[in-house]
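Quick look at input-v9.txt (compact mmCIF, C-alpha atoms):
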# COMPACT_ATOMS: atom_id res chain seq x y z
CA MET A 25 175.69 -21.37 -9.91
CA THR A 26 174.63 -18.40 -7.79
CA HIS A 27 171.98 -19.04 -5.16
CA ALA A 28 169.79 -16.61 -3.33
CA CYS A 29 167.27 -17.03 -0.57
CA ASN A 30 163.83 -16.22 -1.86
CA GLU A 31 161.44 -17.23 0.93
CA ARG A 32 163.27 -15.99 4.04
CA PRO A 33 165.72 -13.24 4.94
CA SER A 34 168.38 -15.91 5.44
CA CYS A 35 168.66 -19.42 4.11
CA VAL A 36 169.94 -22.74 5.30
CA PRO A 37 171.62 -24.91 2.68
CA GLY A 38 171.55 -28.65 3.22
CA VAL A 39 174.45 -30.98 2.49
CA VAL A 40 174.22 -34.74 1.94
CA LEU A 41 177.59 -36.30 2.75
CA ALA A 42 177.90 -39.07 0.15
CA ALA A 43 181.49 -39.14 -1.12
CA GLY A 44 182.76 -42.27 0.64
CA ALA A 45 183.52 -45.70 -0.76
CA GLY A 46 181.29 -47.59 1.71
CA THR A 47 183.89 -50.29 2.27
CA ARG A 48 181.95 -52.05 5.07
CA PHE A 49 178.80 -51.76 2.98
CA GLY A 50 180.50 -53.24 -0.09
CA SER A 51 179.98 -50.29 -2.44
CA PRO A 52 179.52 -46.51 -2.28
CA LYS A 53 176.32 -45.82 -0.35
CA VAL A 54 175.34 -43.11 -2.83
CA LEU A 55 174.43 -46.07 -5.08
CA ALA A 56 172.43 -47.96 -2.42
CA ASP A 57 168.94 -49.16 -3.20
CA ASN A 58 169.31 -48.02 -6.81
CA GLY A 59 169.84 -44.42 -5.70
CA ARG A 60 166.77 -44.29 -3.46
CA TRP A 61 168.85 -43.49 -0.36
CA LEU A 62 170.30 -40.49 -2.18
CA SER A 63 166.89 -39.32 -3.44
CA GLY A 64 165.46 -39.76 0.05
CA ALA A 65 168.22 -37.71 1.69
CA ILE A 66 167.84 -34.92 -0.88
CA GLY A 67 164.06 -34.92 -0.47
CA ALA A 68 164.33 -34.86 3.33
CA LEU A 69 166.53 -31.76 3.21
CA ALA A 70 164.55 -29.96 0.50
CA ARG A 71 161.09 -30.70 1.92
CA GLY A 72 162.36 -30.11 5.46
CA GLY A 73 163.26 -26.50 4.63
CA CYS A 74 166.83 -26.47 3.29
CA ALA A 75 167.73 -24.57 0.14
CA PRO A 76 169.82 -25.08 -1.83
CA VAL A 77 170.80 -28.75 -1.38
CA PHE A 78 174.28 -30.05 -2.17
CA VAL A 79 175.54 -33.64 -2.45
CA THR A 80 179.22 -34.45 -1.99
CA LEU A 81 180.53 -37.04 -4.45
CA GLY A 82 183.85 -38.84 -4.64
CA ALA A 83 184.12 -42.63 -4.80
CA ALA A 84 181.17 -42.84 -7.19
CA GLN A 85 179.96 -40.26 -9.65
CA VAL A 86 176.21 -40.21 -10.15
CA GLU A 87 173.61 -37.94 -11.63
CA VAL A 88 172.31 -35.98 -8.67
CA PRO A 89 168.51 -35.66 -8.69
CA ALA A 90 166.91 -32.21 -8.63
CA PRO A 91 166.81 -29.97 -6.75
CA ALA A 92 170.31 -30.88 -5.54
CA GLU A 93 173.68 -30.01 -7.00
CA ALA A 94 176.81 -32.17 -6.98
CA VAL A 95 179.95 -31.06 -5.16
CA GLU A 96 183.08 -32.92 -6.23
CA VAL A 97 185.38 -34.06 -3.41
CA PRO A 98 188.74 -34.83 -5.07
CA ASP A 99 190.33 -35.88 -1.75
CA TRP A 100 187.38 -38.07 -0.66
CA GLN A 101 189.79 -40.86 0.33
CA ASP A 102 190.92 -38.68 3.26
CA GLY A 103 187.64 -39.52 5.00
CA VAL A 104 184.40 -37.78 5.91
CA SER A 105 186.34 -34.64 6.83
CA ALA A 106 187.06 -34.01 3.14
CA SER A 107 183.35 -34.34 2.37
CA VAL A 108 182.43 -31.96 5.22
CA ARG A 109 184.96 -29.36 4.05
CA ALA A 110 183.74 -29.53 0.44
CA GLY A 111 180.08 -29.35 1.46
CA LEU A 112 180.65 -26.41 3.80
CA ALA A 113 182.63 -24.57 1.12
CA ALA A 114 179.66 -24.89 -1.26
CA ALA A 115 177.19 -23.84 1.45
CA THR A 116 179.15 -20.79 2.58
CA ALA A 117 179.16 -19.47 -0.99
CA VAL A 118 175.36 -19.07 -0.82
CA PRO A 119 174.39 -15.41 -0.25
CA GLY A 120 172.39 -14.94 2.93
CA MET A 121 173.46 -18.27 4.39
CA ALA A 122 172.62 -18.39 8.12
CA GLY A 123 173.87 -21.91 8.75
CA VAL A 124 173.95 -25.34 7.19
CA VAL A 125 172.31 -28.71 7.82
CA LEU A 126 174.53 -31.76 7.37
CA THR A 127 173.14 -35.25 6.92
CA LEU A 128 174.42 -38.60 5.70
CA VAL A 129 173.31 -40.57 2.66
CA ASP A 130 173.07 -43.77 4.70
CA LEU A 131 170.15 -42.74 6.92
CA PRO A 132 167.29 -44.15 4.84
CA ASP A 133 164.56 -43.56 7.44
CA VAL A 134 165.38 -39.91 8.21
CA THR A 135 162.60 -37.82 6.70
CA SER A 136 161.75 -34.20 6.09
CA GLY A 137 159.97 -34.20 9.46
CA VAL A 138 163.30 -34.73 11.22
CA VAL A 139 164.96 -31.95 9.21
CA ALA A 140 162.05 -29.58 9.87
CA ARG A 141 162.21 -30.31 13.59
CA VAL A 142 165.96 -29.59 13.69
CA LEU A 143 165.43 -26.35 11.77
CA SER A 144 162.59 -25.25 14.04
CA VAL A 145 164.93 -25.53 17.03
CA ALA A 146 167.76 -23.88 15.09
CA ASP A 147 165.52 -20.86 14.52
CA ARG A 148 165.31 -20.42 18.30
CA SER A 149 168.85 -21.51 19.18
CA PRO A 150 171.14 -18.90 20.71
CA SER A 151 174.13 -21.23 20.32
CA GLY A 152 173.64 -21.93 16.61
CA LEU A 153 174.36 -25.64 17.11
CA VAL A 154 171.60 -28.25 16.97
CA ARG A 155 171.85 -32.03 16.78
CA ALA A 156 169.14 -34.64 16.21
CA VAL A 157 169.12 -37.40 18.80
CA TYR A 158 167.30 -40.72 18.64
CA ASP A 159 166.25 -42.11 22.01
CA GLY A 160 169.01 -39.91 23.44
CA ALA A 161 171.77 -41.13 21.08
CA PRO A 162 173.39 -38.38 18.95
CA GLY A 163 172.86 -38.56 15.21
CA HIS A 164 172.09 -36.57 12.07
CA PRO A 165 171.01 -34.18 10.76
CA VAL A 166 172.96 -31.47 12.52
CA TYR A 167 172.60 -27.71 12.17
CA LEU A 168 175.76 -25.61 12.24
CA GLY A 169 175.26 -21.87 12.49
CA ARG A 170 177.43 -19.63 10.37
CA ASP A 171 179.51 -18.47 13.36
CA HIS A 172 180.73 -22.04 13.96
CA LEU A 173 181.77 -23.01 10.44
CA ASP A 174 185.40 -21.86 10.74
CA ALA A 175 185.77 -23.91 13.93
CA VAL A 176 184.25 -26.94 12.21
CA MET A 177 186.69 -26.57 9.30
CA ARG A 178 189.59 -26.49 11.78
CA THR A 179 188.45 -29.53 13.77
CA VAL A 180 187.44 -32.00 11.03
CA HIS A 181 190.13 -34.56 10.31
CA GLY A 182 190.22 -37.99 8.69
CA ASP A 183 187.02 -39.86 9.43
CA ARG A 184 185.89 -37.33 12.04
CA GLY A 185 183.41 -34.72 10.93
CA ALA A 186 181.58 -32.03 12.88
CA GLY A 187 180.92 -34.43 15.75
CA ARG A 188 184.19 -33.48 17.40
CA LEU A 189 183.04 -29.86 17.78
CA LEU A 190 179.51 -30.86 18.77
CA ASP A 191 180.76 -33.31 21.40
CA ARG A 192 182.87 -30.61 23.08
CA HIS A 193 180.60 -27.60 22.77
CA PRO A 194 178.58 -27.01 25.96
CA GLU A 195 175.70 -25.20 24.25
CA VAL A 196 174.64 -27.74 21.63
CA LEU A 197 170.88 -28.12 21.65
CA THR A 198 169.61 -31.64 21.11
CA VAL A 199 166.31 -32.43 19.44
CA GLU A 200 164.70 -35.77 20.19
CA CYS A 201 163.59 -37.35 16.91
CA GLY A 202 163.18 -40.99 17.96
CA ASP A 203 159.44 -40.69 17.41
CA LEU A 204 160.08 -39.88 13.73
CA ALA A 205 162.95 -42.22 12.76
CA THR A 206 165.58 -44.59 14.10
CA GLY A 207 168.38 -42.38 12.76
CA ARG A 208 170.57 -45.46 12.32
CA ASP A 209 173.19 -45.28 9.65
CA VAL A 210 173.41 -48.45 7.63
CA ASP A 211 177.00 -49.67 7.51
CA ARG A 212 176.43 -53.19 6.20
CA PRO A 213 174.05 -54.57 3.57
CA ASP A 214 171.12 -56.69 4.79
Same coordinates, now as structure tokens:
Amino acid sequence: MTHACNERPSCVPGVVLAAGAGTRFGSPKVLADNGRWLSGAIGALARGGCAPVFVTLGAAQVEVPAPAEAVEVPDWQDGVSASVRAGLAAATAVPGMAGVVLTLVDLPDVTSGVVARVLSVADRSPSGLVRAVYDGAPGHPVYLGRDHLDAVMRTVHGDRGAGRLLDRHPEVLTVECGDLATGRDVDRPD
């Protein structure tokens, strides 16, 4: 499908990383809470200002709710890096793409307010790298400007995603979002 940016001169696709098996959780997290985690992550990106929205799938295949599109990750067993690469490939194919927002499916309390706050800082960021933090602890979503995507693709490996680049880059802007969410990823069922 061809995407274009209708409301701004450039657009920011959002990617929900959801291809993993969720071994500590006991099942793929894309299935958690009868799909409500997935719907919540898609809604947070879409209502927060991302368009289009992609969802990476691998261990479990599900119907992806609108307005998102599924991105198959055939090598999902290689870790989150495979999901990041597949999501970034889909995002970079969008004409007018200025950058991309990555988030995880297992952040059930991250809302559109968090995404909007990250994007508002990204609009003013000379570095093109923005990371949500929660009471000072790094988390998601993260904004990766177009100029950094090749470096991200080179540094992701196994179960390490864009964090490796963000941890080493001196100009990453952090956005405190602890007043909006905990930002905790849920690794084990209640």
* **Between atom CA of Ala117 of chain A and atom CA of Arg148 of chain A - distance in Å to one decimal** => 23.8 Å
* **Near-segment 45-54 of chain A list (7 Å; all atoms listed in the file; drop same-chain fewer than 5 positions) as a PyMOL selection string** => chain A and resi 59+61-62+83-84+129-130+211-213
Any chance you could export the current selection's C-alpha atoms as an mmCIF file, in the coordinates of the input?
data_model
loop_
_atom_site.group_PDB
_atom_site.id
_atom_site.type_symbol
_atom_site.label_atom_id
_atom_site.label_comp_id
_atom_site.auth_asym_id
_atom_site.auth_seq_id
_atom_site.Cartn_x
_atom_site.Cartn_y
_atom_site.Cartn_z
ATOM 1 C CA GLY A 59 169.840 -44.420 -5.700
ATOM 2 C CA TRP A 61 168.850 -43.490 -0.360
ATOM 3 C CA LEU A 62 170.300 -40.490 -2.180
ATOM 4 C CA ALA A 83 184.120 -42.630 -4.800
ATOM 5 C CA ALA A 84 181.170 -42.840 -7.190
ATOM 6 C CA VAL A 129 173.310 -40.570 2.660
ATOM 7 C CA ASP A 130 173.070 -43.770 4.700
ATOM 8 C CA ASP A 211 177.000 -49.670 7.510
ATOM 9 C CA ARG A 212 176.430 -53.190 6.200
ATOM 10 C CA PRO A 213 174.050 -54.570 3.570
#
* State, in Å with one decimal place, the distance from atom CA of His181 of chain A to atom CA of Val108 of chain A. =>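 Atom-to-atom, atom CA of His181 of chain A to atom CA of Val108 of chain A, that is 9.6 Å.
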* **Closest of A:Val79, A:Val97, A:Val210, A:Ala106 to Thr179 of chain A - atom-to-atom distances counting only C-alpha atoms** => A:Ala106
* To do: Find the distance between atom CA of Asp57 of chain A and atom CA of Val40 of chain A and write it in Å to one decimal.
  => 16.2 Å
